[in-house]
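Content type mmCIF, C-alpha atoms, from the file work-v4.cif:
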```
data_start
loop_
_atom_site.label_atom_id
_atom_site.label_comp_id
_atom_site.auth_asym_id
_atom_site.auth_seq_id
_atom_site.Cartn_x
_atom_site.Cartn_y
_atom_site.Cartn_z
CA MET M 1 -1.21 -3.62 7.16
CA LEU M 2 1.46 -3.82 9.84
CA TYR M 3 5.03 -3.76 8.60
CA PRO M 4 7.81 -6.02 9.93
CA SER M 5 10.36 -5.06 12.55
CA PRO M 6 10.82 -1.42 13.51
CA LEU M 7 14.57 -2.07 13.66
CA ASN M 8 14.46 -3.36 10.10
CA SER M 9 12.74 -0.13 9.08
CA LEU M 10 15.58 1.87 10.63
CA THR M 11 18.24 -0.05 8.79
CA ARG M 12 16.32 0.26 5.51
CA GLY M 13 15.64 3.97 5.95
CA THR M 14 11.85 3.62 6.10
CA TRP M 15 11.33 4.33 9.82
CA PHE M 16 8.10 6.23 10.57
CA LYS M 17 7.40 7.66 14.01
CA LEU M 18 4.17 9.22 15.20
CA ILE M 19 4.67 11.92 17.83
CA CYS M 20 1.59 12.24 19.99
CA GLY M 21 3.30 14.99 21.98
CA ALA M 22 5.40 15.13 25.13
CA SER M 23 2.70 17.28 26.77
CA PHE M 24 -0.37 15.99 24.96
CA GLY M 25 -2.76 14.22 27.30
CA HIS M 26 -6.05 13.79 25.42
CA LEU M 27 -6.50 10.08 26.05
CA PRO M 28 -9.20 9.24 23.46
CA ALA M 29 -7.24 11.03 20.73
CA ILE M 30 -4.00 9.27 21.69
CA ARG M 31 -5.71 5.88 21.63
CA ASN M 32 -7.32 6.48 18.24
CA LEU M 33 -4.21 8.00 16.69
CA ALA M 34 -2.35 4.89 17.83
CA ILE M 35 -4.94 2.65 16.18
CA ALA M 36 -4.90 4.44 12.82
CA TYR M 37 -1.14 4.88 12.54
CA THR M 38 -0.38 1.38 13.79
CA LEU M 39 -2.60 -0.06 11.07
CA ALA M 40 -0.93 2.23 8.54
CA GLY M 41 2.46 0.78 9.43
CA ALA M 42 4.05 3.18 11.94
CA ASP M 43 7.25 1.85 13.52
CA CYS M 44 7.13 3.90 16.72
CA ILE M 45 4.58 5.89 18.70
CA ASP M 46 5.97 8.58 20.98
CA VAL M 47 3.90 9.74 23.97
CA ALA M 48 4.17 11.69 27.20
CA ALA M 49 5.77 10.07 30.25
CA ASP M 50 2.40 9.69 31.94
CA LEU M 51 0.94 6.37 33.01
CA ALA M 52 -2.57 7.16 31.76
CA VAL M 53 -1.18 8.25 28.38
CA ILE M 54 1.01 5.15 28.12
CA THR M 55 -2.01 2.97 28.89
CA ALA M 56 -4.14 4.71 26.25
CA ALA M 57 -1.45 4.32 23.60
CA LYS M 58 -0.92 0.66 24.48
CA ASP M 59 -4.65 0.06 24.23
CA GLY M 60 -4.69 1.63 20.78
CA ILE M 61 -1.73 -0.45 19.61
CA HIS M 62 -3.24 -3.68 20.93
CA THR M 63 -6.62 -2.86 19.40
CA ALA M 64 -4.92 -2.35 16.05
CA ARG M 65 -3.14 -5.68 16.49
CA LYS M 66 -6.46 -7.47 17.02
CA LEU M 67 -7.94 -5.82 13.93
CA ALA M 68 -4.88 -6.74 11.88
CA GLN M 69 -5.04 -10.31 13.18
CA ALA M 70 -8.63 -10.58 12.03
CA HIS M 71 -7.64 -9.41 8.57
CA ARG M 72 -4.67 -11.78 8.48
CA ASP M 73 -7.02 -14.64 9.24
CA SER M 74 -8.96 -13.48 6.19
CA GLY M 75 -5.86 -13.54 4.03
CA HIS M 76 -4.43 -10.09 4.83
CA PRO M 77 -0.82 -9.75 6.03
CA SER M 78 0.25 -8.23 9.32
CA GLY M 79 3.54 -7.77 11.18
CA ASP M 80 5.24 -6.40 14.27
CA GLU M 81 3.67 -3.82 16.55
CA PRO M 82 5.26 -0.37 16.66
CA TRP M 83 7.59 0.39 19.53
CA LEU M 84 6.13 2.56 22.26
CA MET M 85 8.36 5.48 23.22
CA VAL M 86 8.07 7.98 26.05
CA SER M 87 9.65 11.42 26.07
CA LEU M 88 11.69 12.89 28.91
CA ASN M 89 13.50 16.23 29.25
CA ASP M 90 16.59 17.26 31.17
CA GLY M 91 15.55 20.91 31.60
CA ILE M 92 13.31 23.64 30.22
CA ASP M 93 12.07 22.60 26.79
CA PRO M 94 9.15 23.89 24.67
CA HIS M 95 7.79 20.36 24.24
CA PHE M 96 7.15 20.17 27.99
CA ARG M 97 4.95 23.16 28.61
CA LYS M 98 1.31 24.19 28.67
CA ALA M 99 -0.33 27.48 27.84
CA GLU M 100 -2.33 29.12 30.59
CA PHE M 101 -4.27 32.31 31.27
CA ASP M 102 -7.12 33.58 33.38
CA PRO M 103 -10.17 33.78 31.08
CA SER M 104 -11.92 36.15 33.49
CA GLN M 105 -9.43 38.81 32.40
CA CYS M 106 -10.38 38.51 28.73
CA PRO M 107 -12.53 41.43 27.48
CA ALA M 108 -15.96 40.44 26.25
CA ASP M 109 -15.32 42.11 22.90
CA CYS M 110 -11.98 40.36 22.28
CA PRO M 111 -11.94 38.65 18.86
CA ARG M 112 -10.14 35.76 20.56
CA PRO M 113 -7.46 35.04 17.97
CA CYS M 114 -6.02 32.45 20.38
CA VAL M 115 -9.00 30.18 19.68
CA ARG M 116 -8.54 30.40 15.92
CA ILE M 117 -4.78 29.85 15.92
CA CYS M 118 -4.64 26.86 18.27
CA PRO M 119 -3.96 23.74 16.16
CA ALA M 120 -5.14 21.44 18.96
CA ASP M 121 -8.47 23.18 19.65
CA ALA M 122 -7.16 23.54 23.18
CA ILE M 123 -8.65 26.99 23.88
CA ALA M 124 -12.38 27.45 24.24
CA PHE M 125 -14.93 29.95 25.48
CA THR M 126 -18.16 27.99 25.90
CA SER M 127 -20.73 27.40 28.57
CA THR M 128 -18.79 24.37 29.78
CA GLN M 129 -15.19 25.34 29.09
CA GLN M 130 -13.36 28.63 29.61
CA GLY M 131 -9.71 29.05 28.68
CA VAL M 132 -7.09 26.36 28.03
CA ILE M 133 -8.15 22.72 27.86
CA ASP M 134 -5.08 21.38 29.59
CA SER M 135 -5.13 17.83 28.24
CA GLN M 136 -5.26 19.02 24.63
CA CYS M 137 -2.53 21.68 24.80
CA TYR M 138 0.86 20.43 23.63
CA GLY M 139 2.82 23.64 24.09
CA CYS M 140 3.33 24.90 20.52
CA GLY M 141 3.25 28.48 21.79
CA ARG M 142 1.40 29.99 18.84
CA CYS M 143 -1.14 31.61 21.12
CA LEU M 144 1.50 33.54 23.10
CA PRO M 145 2.29 36.38 20.67
CA ILE M 146 -1.20 36.64 19.25
CA CYS M 147 -3.05 37.63 22.44
CA PRO M 148 -3.87 41.38 22.08
CA LEU M 149 -3.33 41.96 25.81
CA GLY M 150 -0.45 39.55 26.37
CA LEU M 151 -2.44 37.55 28.92
CA ILE M 152 -1.16 34.10 27.91
CA SER M 153 1.89 32.55 29.54
CA THR M 154 3.29 29.03 29.79
CA ARG M 155 3.75 26.54 32.59
CA ASP M 156 6.93 24.48 32.22
CA ARG M 157 7.51 21.04 33.65
CA THR M 158 10.19 18.38 33.74
CA ALA M 159 9.07 14.81 33.19
CA THR M 160 10.26 12.64 36.07
CA PRO M 161 11.84 9.34 34.99
CA ASN M 162 11.07 7.48 38.22
CA SER M 163 7.40 7.10 37.32
CA ILE M 164 8.21 5.21 34.12
CA LEU M 165 11.09 3.04 35.35
CA PRO M 166 8.73 0.13 36.16
CA TYR M 167 7.59 0.20 32.53
CA LEU M 168 11.16 -0.46 31.38
CA THR M 169 11.19 -3.89 32.97
CA ALA M 170 7.51 -4.81 32.49
CA GLU M 171 6.73 -7.54 29.98
CA ASP M 172 4.29 -5.26 28.15
CA GLY M 173 6.02 -1.99 28.96
CA ILE M 174 7.70 0.70 26.92
CA ASP M 175 10.25 -0.07 24.24
CA ALA M 176 12.06 3.23 23.85
CA ILE M 177 12.89 6.50 25.57
CA GLU M 178 13.55 9.84 23.96
CA ILE M 179 15.51 12.48 25.86
CA HIS M 180 15.00 16.09 24.86
CA THR M 181 18.16 18.05 25.53
CA GLN M 182 20.20 20.96 24.14
CA PRO M 183 23.71 22.40 24.34
CA GLY M 184 24.39 23.72 27.82
CA HIS M 185 22.44 20.91 29.49
CA LEU M 186 25.25 18.37 29.79
CA ASP M 187 25.27 18.25 33.58
CA ASP M 188 21.47 17.94 33.59
CA PHE M 189 21.64 15.22 30.96
CA ARG M 190 24.18 13.28 33.00
CA GLN M 191 21.98 13.52 36.06
CA LEU M 192 18.97 12.21 34.15
CA TRP M 193 21.04 9.47 32.55
CA SER M 194 22.31 8.35 35.94
CA VAL M 195 18.70 7.61 36.91
CA LEU M 196 17.89 5.79 33.66
CA ALA M 197 21.15 3.91 33.13
CA PRO M 198 20.57 1.02 35.62
CA ALA M 199 17.47 -0.07 33.69
CA ALA M 200 18.35 1.22 30.20
CA HIS M 201 19.58 -2.18 29.01
CA HIS M 202 15.91 -3.17 28.83
CA LEU M 203 15.34 -0.60 26.07
CA LYS M 204 15.17 -1.45 22.40
CA LEU M 205 16.00 2.13 21.43
CA LEU M 206 17.25 5.35 22.98
CA ALA M 207 16.62 8.57 21.07
CA ILE M 208 18.30 11.91 21.68
CA SER M 209 16.34 14.91 20.44
CA CYS M 210 18.17 18.20 20.08
CA PRO M 211 17.61 21.54 18.29
CA ASP M 212 20.29 23.19 16.19
CA SER M 213 23.04 25.42 17.53
CA ASP M 214 26.69 26.24 16.81
CA GLU M 215 27.73 23.80 19.54
CA LEU M 216 25.39 21.01 18.48
CA ILE M 217 27.84 18.43 17.12
CA SER M 218 30.35 18.76 19.94
CA TYR M 219 27.46 18.51 22.39
CA LEU M 220 26.10 15.35 20.76
CA ARG M 221 29.56 13.81 20.90
CA SER M 222 29.65 14.54 24.64
CA ILE M 223 26.21 12.96 25.00
CA TYR M 224 27.40 9.85 23.19
CA GLY M 225 30.51 9.69 25.36
CA THR M 226 28.38 9.83 28.50
CA ILE M 227 26.14 7.01 27.30
CA ALA M 228 28.94 4.83 25.94
CA ALA M 229 30.98 5.16 29.15
CA THR M 230 28.19 3.32 30.99
CA TYR M 231 28.84 0.15 28.99
CA ASP M 232 32.54 0.46 28.10
CA PRO M 233 34.17 -1.69 26.80
CA HIS M 234 30.96 -3.35 25.60
CA PRO M 235 28.68 -2.00 22.85
CA LEU M 236 25.45 -0.21 23.67
CA PRO M 237 22.69 -2.70 24.54
CA PHE M 238 20.10 -0.70 22.60
CA THR M 239 19.80 1.09 19.26
CA LEU M 240 20.79 4.76 19.35
CA LEU M 241 18.84 7.36 17.37
CA TRP M 242 19.55 11.06 16.85
CA GLN M 243 16.40 13.12 16.33
CA THR M 244 17.04 16.40 14.51
CA ASP M 245 14.46 18.83 15.85
CA GLY M 246 14.52 21.39 13.07
CA ARG M 247 11.57 23.68 13.76
CA PRO M 248 9.69 22.23 16.73
CA MET M 249 5.94 21.61 16.56
CA SER M 250 5.43 23.42 13.25
CA GLY M 251 4.74 20.79 10.59
CA ASP M 252 1.09 21.76 10.19
CA ILE M 253 1.90 25.42 9.45
CA GLY M 254 3.03 24.91 5.86
CA ALA M 255 5.29 22.97 3.51
CA GLY M 256 8.30 25.23 4.07
CA THR M 257 8.74 24.30 7.71
CA THR M 258 10.42 21.05 6.68
CA HIS M 259 13.52 22.85 5.38
CA ALA M 260 14.89 23.38 8.89
CA ALA M 261 14.50 19.68 9.72
CA ILE M 262 16.28 18.62 6.53
CA ARG M 263 19.15 21.09 7.00
CA LEU M 264 19.67 19.86 10.53
CA GLY M 265 19.49 16.25 9.38
CA GLU M 266 22.24 16.89 6.83
CA LYS M 267 24.38 18.51 9.52
CA VAL M 268 24.10 15.55 11.87
CA LEU M 269 24.63 13.02 9.08
CA ALA M 270 27.84 14.80 8.11
CA ALA M 271 29.13 14.41 11.68
CA ASN M 272 29.17 10.58 11.34
CA LEU M 273 27.91 10.00 14.86
CA PRO M 274 27.33 6.39 15.90
CA GLY M 275 23.64 5.56 15.48
CA TYR M 276 20.75 6.43 13.20
CA VAL M 277 19.43 9.85 12.14
CA GLN M 278 15.73 10.71 12.07
CA LEU M 279 14.10 14.03 11.17
CA ALA M 280 11.50 15.86 13.25
CA GLY M 281 10.40 19.43 13.85
CA GLY M 282 8.51 20.86 10.86
CA THR M 283 7.96 17.58 9.04
CA ASN M 284 4.92 17.23 6.77
CA HIS M 285 3.80 15.96 3.34
CA TYR M 286 6.69 17.84 1.71
CA THR M 287 9.45 16.18 3.72
CA VAL M 288 9.87 12.86 1.91
CA PRO M 289 9.70 14.37 -1.61
CA LYS M 290 12.32 16.92 -0.59
CA LEU M 291 14.53 14.20 0.93
CA ARG M 292 14.32 12.23 -2.31
CA GLU M 293 15.10 15.33 -4.32
CA ARG M 294 18.26 15.83 -2.24
CA ALA M 295 19.21 12.14 -2.43
CA LEU M 296 18.90 11.75 1.33
CA LEU M 297 16.85 8.55 1.29
CA PRO M 298 17.97 5.07 0.22
CA PRO M 299 18.91 3.68 -2.21
CA THR M 300 20.23 6.87 -3.79
CA ASN M 301 22.76 7.68 -1.09
CA THR M 302 24.80 5.58 1.31
CA LYS M 303 24.75 8.37 3.88
CA HIS M 304 21.03 8.80 4.25
CA VAL M 305 18.33 9.77 6.70
CA HIS M 306 16.93 6.67 8.38
CA GLY M 307 13.46 7.90 9.17
CA VAL M 308 11.01 10.73 9.78
CA ALA M 309 8.88 11.60 12.80
CA TYR M 310 5.61 13.46 12.33
CA GLY M 311 3.88 15.30 15.16
CA SER M 312 1.44 18.17 14.73
CA TYR M 313 0.99 17.49 11.01
CA ALA M 314 0.11 13.82 11.55
CA ARG M 315 -2.35 14.69 14.29
CA VAL M 316 -4.03 17.54 12.40
CA LEU M 317 -4.61 15.24 9.43
CA LEU M 318 -6.93 13.11 11.56
CA SER M 319 -8.43 15.88 13.69
CA PRO M 320 -11.60 16.34 11.57
CA LEU M 321 -12.36 12.63 11.76
CA LEU M 322 -11.71 12.48 15.49
CA ASP M 323 -14.03 15.46 15.95
CA LYS M 324 -16.74 13.56 14.09
CA LEU M 325 -16.06 10.55 16.26
CA ASP M 326 -16.53 12.59 19.43
CA ALA M 327 -19.92 13.73 18.11
CA ARG M 328 -21.21 10.19 17.65
CA THR M 329 -23.74 9.18 20.29
CA ASP M 330 -22.95 5.46 20.09
CA ASN M 331 -19.49 4.41 21.24
CA PRO M 332 -18.05 7.93 21.13
CA GLY M 333 -14.27 8.02 21.18
CA ARG M 334 -13.82 4.42 19.95
CA LEU M 335 -12.63 4.57 16.37
CA GLU M 336 -12.90 0.84 15.73
CA ALA M 337 -16.65 0.95 16.45
CA HIS M 338 -17.34 3.14 13.41
CA SER M 339 -16.30 1.49 10.15
CA ASP M 340 -16.70 4.63 8.02
CA LEU M 341 -14.47 6.78 10.21
CA MET M 342 -12.06 3.90 10.74
CA ALA M 343 -11.58 3.35 7.02
CA ALA M 344 -11.11 7.07 6.40
CA ALA M 345 -8.60 7.44 9.25
CA VAL M 346 -6.46 4.51 8.15
CA THR M 347 -6.52 5.73 4.55
CA ILE M 348 -5.33 9.19 5.56
CA ALA M 349 -2.67 7.78 7.88
CA ASN M 350 -1.46 5.42 5.18
CA GLU M 351 -1.03 8.25 2.69
CA LEU M 352 1.53 9.79 5.03
CA VAL M 353 3.22 6.54 6.12
CA GLY M 354 3.26 5.28 2.54
CA GLN M 355 5.45 8.19 1.43
CA LEU M 356 8.32 6.53 3.27
CA LYS M 357 7.34 2.89 2.92
CA GLY M 358 6.00 2.89 -0.60
CA ALA M 359 3.17 0.50 0.18
CA SER M 360 -0.54 0.59 0.78
CA VAL M 361 -2.75 -0.90 3.45
CA HIS M 362 -5.82 -3.01 3.07
CA GLU M 363 -9.09 -1.29 3.79
CA PHE M 364 -10.64 -1.53 7.24
#
```

Represent the structure contained in this file as structure tokens.
Amino acid sequence: MLYPSPLNSLTRGTWFKLICGASFGHLPAIRNLAIAYTLAGADCIDVAADLAVITAAKDGIHTARKLAQAHRDSGHPSGDEPWLMVSLNDGIDPHFRKAEFDPSQCPADCPRPCVRICPADAIAFTSTQQGVIDSQCYGCGRCLPICPLGLISTRDRTATPNSILPYLTAEDGIDAIEIHTQPGHLDDFRQLWSVLAPAAHHLKLLAISCPDSDELISYLRSIYGTIAATYDPHPLPFTLLWQTDGRPMSGDIGAGTTHAAIRLGEKVLAANLPGYVQLAGGTNHYTVPKLRERALLPPTNTKHVHGVAYGSYARVLLSPLLDKLDARTDNPGRLEAHSDLMAAAVTIANELVGQLKGASVHEF
């Protein structure tokens, strides 16, 4: 089932975003995640600012649309496609990094805890792969402190907006941009915004993602002032969303990681900033029940969270199925070609999406 209008979901407080990862580049996984979560009713799919990644996500969304159309023709409902979002950063940010090390320096008798701790299976020591699998690493950093010899470091990058500007004006381009920033980056943010602003009116949504700090609210007000000044005295031509990045890339660790996201969400809500508020950073199966417990979802509170984004947790839920898919000899990597895995993936995705939307999908 595809749900109507992502914007409607925001206003109703049922917005669900899938975060594929600002540094995640495993194209088959991105495509198949997009298929499963689109069919489960996701409102937005967030990917790296990379043309190959954007293409893979679009292919997954369109494939899901065709499958939903076939079911609608059989009497099953469908709806709008999710918005496609790309992530940019205005400086050093943990979401835009990759782990790296020289595997030749690893002792033969090392127990290799890095392999066991990596949630993306992005470190391997096999006959065909030694060290970090770059496309699968999304920069969580869990391998850094666990290496007995301290051999692992990170490679930072800044996503360049120029490569995605054509997608802002394309008929079948991207719908939204998310800018990762933090207090102290205002000059860098303004420089990035100056590049995006001439084409930003083509966006349906602009998201600002920021971690907590003592200066957070004053910084977000400065960010809003910078954006609003571009269009003054007219209103913003797109929807504005504040993403509260509580505990970045940690949702799959355990239920307790969601507390940081909720605390930060409450802080931003209390500031009454123009725009919508969406949680991220540590979100998992515990997030929605905790939000309901604290009366932070509609209809129990007029000042409520408008949505939740799920990253590592949403991806890890489907990882076992995607691993099985990769092992298939016929049509490997194409989820829609395997009805058993397809049905299981959509069911799992719907269990997470349905926490917010309170609905179920038809079987595929």

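Residues in contact with His180 (chain M) at up to 8 Å, not including ones fewer than 5 positions away on its chain and judged by all atoms listed in the file, are Ser87, Leu88, Asn89, Asp90, Asp93, Ile208, Ser209 and Cys210 of chain M.
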
Contact check, region 118-188 of chain M to region 310-327 of chain M, at most 12 Å, counting only C-alpha atoms, closest pairs as JSON lines:
```
{"residue": "M:Cys118", "atom": "CA", "partner": "M:Val316", "partner_atom": "CA", "distance": 11.0}
{"residue": "M:Pro119", "atom": "CA", "partner": "M:Val316", "partner_atom": "CA", "distance": 7.3}
{"residue": "M:Ala120", "atom": "CA", "partner": "M:Val316", "partner_atom": "CA", "distance": 7.7}
{"residue": "M:Asp121", "atom": "CA", "partner": "M:Ser319", "partner_atom": "CA", "distance": 9.4}
{"residue": "M:Gln136", "atom": "CA", "partner": "M:Arg315", "partner_atom": "CA", "distance": 11.6}
{"residue": "M:Cys137", "atom": "CA", "partner": "M:Ser312", "partner_atom": "CA", "distance": 11.4}
{"residue": "M:Tyr138", "atom": "CA", "partner": "M:Ser312", "partner_atom": "CA", "distance": 9.2}
{"residue": "M:Gly139", "atom": "CA", "partner": "M:Ser312", "partner_atom": "CA", "distance": 10.9}
{"residue": "M:Cys140", "atom": "CA", "partner": "M:Ser312", "partner_atom": "CA", "distance": 9.1}
```

For the residues in that selection, give me C-alpha atoms as a PDB file, keeping the file's coordinate frame.
```pdb
ATOM      1  CA  CYS M 118      -4.640  26.860  18.270  1.00  0.00           C
ATOM      2  CA  PRO M 119      -3.960  23.740  16.160  1.00  0.00           C
ATOM      3  CA  ALA M 120      -5.140  21.440  18.960  1.00  0.00           C
ATOM      4  CA  ASP M 121      -8.470  23.180  19.650  1.00  0.00           C
ATOM      5  CA  GLN M 136      -5.260  19.020  24.630  1.00  0.00           C
ATOM      6  CA  CYS M 137      -2.530  21.680  24.800  1.00  0.00           C
ATOM      7  CA  TYR M 138       0.860  20.430  23.630  1.00  0.00           C
ATOM      8  CA  GLY M 139       2.820  23.640  24.090  1.00  0.00           C
ATOM      9  CA  CYS M 140       3.330  24.900  20.520  1.00  0.00           C
TER      10      CYS M 140
END
```

Between M:Leu269, M:Val132, M:Ile164, M:Ala70, which residue has the minimum interatomic distance to Asp50 (chain M), considering all atoms listed in the file?
M:Ile164

Extract, using all atoms listed in the file, all DNA, RNA and protein residues at most 9 Å from Leu33 (chain M), discarding same-chain residues fewer than 2 positions from it, and format them as a PyMOL selection string.
chain M and resi 18+20+28-31+35-38+57+60+314-315+318+322+345+349

Rank nothing, just name the residue among M:His62, M:Arg155, M:His259, M:Arg116 nearest to Phe101 (chain M), using all atoms listed in the file.
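Among the listed residues, the smallest separation from Phe101 (chain M) belongs to M:Arg155.
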
Exactly which residues make up the result of the PyMOL selection byres ((chain M and resi 268) around 12) on this file, given as a JSON list (two decimals) with C-alpha atoms, in the frame of the given file?
```
[["chain", "number", "residue", "atom", "x", "y", "z"],
["M", 208, "ILE", "CA", 18.30, 11.91, 21.68],
["M", 209, "SER", "CA", 16.34, 14.91, 20.44],
["M", 210, "CYS", "CA", 18.17, 18.20, 20.08],
["M", 211, "PRO", "CA", 17.61, 21.54, 18.29],
["M", 212, "ASP", "CA", 20.29, 23.19, 16.19],
["M", 213, "SER", "CA", 23.04, 25.42, 17.53],
["M", 215, "GLU", "CA", 27.73, 23.80, 19.54],
["M", 216, "LEU", "CA", 25.39, 21.01, 18.48],
["M", 217, "ILE", "CA", 27.84, 18.43, 17.12],
["M", 218, "SER", "CA", 30.35, 18.76, 19.94],
["M", 219, "TYR", "CA", 27.46, 18.51, 22.39],
["M", 220, "LEU", "CA", 26.10, 15.35, 20.76],
["M", 221, "ARG", "CA", 29.56, 13.81, 20.90],
["M", 241, "LEU", "CA", 18.84, 7.36, 17.37],
["M", 242, "TRP", "CA", 19.55, 11.06, 16.85],
["M", 243, "GLN", "CA", 16.40, 13.12, 16.33],
["M", 244, "THR", "CA", 17.04, 16.40, 14.51],
["M", 245, "ASP", "CA", 14.46, 18.83, 15.85],
["M", 246, "GLY", "CA", 14.52, 21.39, 13.07],
["M", 261, "ALA", "CA", 14.50, 19.68, 9.72],
["M", 262, "ILE", "CA", 16.28, 18.62, 6.53],
["M", 263, "ARG", "CA", 19.15, 21.09, 7.00],
["M", 264, "LEU", "CA", 19.67, 19.86, 10.53],
["M", 265, "GLY", "CA", 19.49, 16.25, 9.38],
["M", 266, "GLU", "CA", 22.24, 16.89, 6.83],
["M", 267, "LYS", "CA", 24.38, 18.51, 9.52],
["M", 269, "LEU", "CA", 24.63, 13.02, 9.08],
["M", 270, "ALA", "CA", 27.84, 14.80, 8.11],
["M", 271, "ALA", "CA", 29.13, 14.41, 11.68],
["M", 272, "ASN", "CA", 29.17, 10.58, 11.34],
["M", 273, "LEU", "CA", 27.91, 10.00, 14.86],
["M", 274, "PRO", "CA", 27.33, 6.39, 15.90],
["M", 275, "GLY", "CA", 23.64, 5.56, 15.48],
["M", 276, "TYR", "CA", 20.75, 6.43, 13.20],
["M", 277, "VAL", "CA", 19.43, 9.85, 12.14],
["M", 278, "GLN", "CA", 15.73, 10.71, 12.07],
["M", 279, "LEU", "CA", 14.10, 14.03, 11.17],
["M", 303, "LYS", "CA", 24.75, 8.37, 3.88],
["M", 304, "HIS", "CA", 21.03, 8.80, 4.25],
["M", 305, "VAL", "CA", 18.33, 9.77, 6.70],
["M", 306, "HIS", "CA", 16.93, 6.67, 8.38]]
```

Applying the PyMOL selection byres ((chain M and resi 146-153) around 12) to the file I just gave you, which residues come out? Please list them as an mmCIF file with C-alpha atoms, in the frame of the given file.
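part29.cif was written with the following content:
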```cif
data_model
loop_
_atom_site.group_PDB
_atom_site.id
_atom_site.type_symbol
_atom_site.label_atom_id
_atom_site.label_comp_id
_atom_site.auth_asym_id
_atom_site.auth_seq_id
_atom_site.Cartn_x
_atom_site.Cartn_y
_atom_site.Cartn_z
ATOM 1 C CA ARG M 97 4.950 23.160 28.610
ATOM 2 C CA LYS M 98 1.310 24.190 28.670
ATOM 3 C CA ALA M 99 -0.330 27.480 27.840
ATOM 4 C CA GLU M 100 -2.330 29.120 30.590
ATOM 5 C CA PHE M 101 -4.270 32.310 31.270
ATOM 6 C CA ASP M 102 -7.120 33.580 33.380
ATOM 7 C CA PRO M 103 -10.170 33.780 31.080
ATOM 8 C CA SER M 104 -11.920 36.150 33.490
ATOM 9 C CA GLN M 105 -9.430 38.810 32.400
ATOM 10 C CA CYS M 106 -10.380 38.510 28.730
ATOM 11 C CA PRO M 107 -12.530 41.430 27.480
ATOM 12 C CA ASP M 109 -15.320 42.110 22.900
ATOM 13 C CA CYS M 110 -11.980 40.360 22.280
ATOM 14 C CA PRO M 111 -11.940 38.650 18.860
ATOM 15 C CA ARG M 112 -10.140 35.760 20.560
ATOM 16 C CA PRO M 113 -7.460 35.040 17.970
ATOM 17 C CA CYS M 114 -6.020 32.450 20.380
ATOM 18 C CA VAL M 115 -9.000 30.180 19.680
ATOM 19 C CA ARG M 116 -8.540 30.400 15.920
ATOM 20 C CA ILE M 117 -4.780 29.850 15.920
ATOM 21 C CA CYS M 118 -4.640 26.860 18.270
ATOM 22 C CA ILE M 123 -8.650 26.990 23.880
ATOM 23 C CA GLY M 131 -9.710 29.050 28.680
ATOM 24 C CA VAL M 132 -7.090 26.360 28.030
ATOM 25 C CA GLY M 139 2.820 23.640 24.090
ATOM 26 C CA CYS M 140 3.330 24.900 20.520
ATOM 27 C CA GLY M 141 3.250 28.480 21.790
ATOM 28 C CA ARG M 142 1.400 29.990 18.840
ATOM 29 C CA CYS M 143 -1.140 31.610 21.120
ATOM 30 C CA LEU M 144 1.500 33.540 23.100
ATOM 31 C CA PRO M 145 2.290 36.380 20.670
ATOM 32 C CA THR M 154 3.290 29.030 29.790
ATOM 33 C CA ARG M 155 3.750 26.540 32.590
ATOM 34 C CA ASP M 156 6.930 24.480 32.220
#
```

Would you write out, as a list in words, every residue that the PyMOL selection byres ((chain M and resi 14) around 7) captures in this file?
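Those residues are Ser9, Leu10, Arg12, Gly13, Trp15, Phe16, His306, Gly307, Leu356 and Lys357 of chain M.
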
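Those residues that approach Ile61 (chain M) to within 6 Å, counting only C-alpha atoms, are Ala34, Ile35, Lys58, Asp59, Thr63 and Ala64 of chain M; same-chain residues fewer than 2 positions away are not listed.
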
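Rounded to one decimal, CA of Glu178 (chain M) and CA of Gly354 (chain M) lie 24.2 Å from each other.
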
Could you tell me how far CA of Asp330 (chain M) lies from CA of Ala68 (chain M), in Å and to one decimal?
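Calculated distance between CA of Asp330 (chain M) and CA of Ala68 (chain M) is 23.3 Å.
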
Rounded to one decimal in Å, what is the spacing between CA of Cys44 (chain M) and CA of Asn284 (chain M)?
16.8 Å

Using only C-alpha atoms for the distances, tell me which of M:Ala280, M:Ala295, M:Leu205, M:Ala52 is nearest to Thr257 (chain M).
M:Ala280
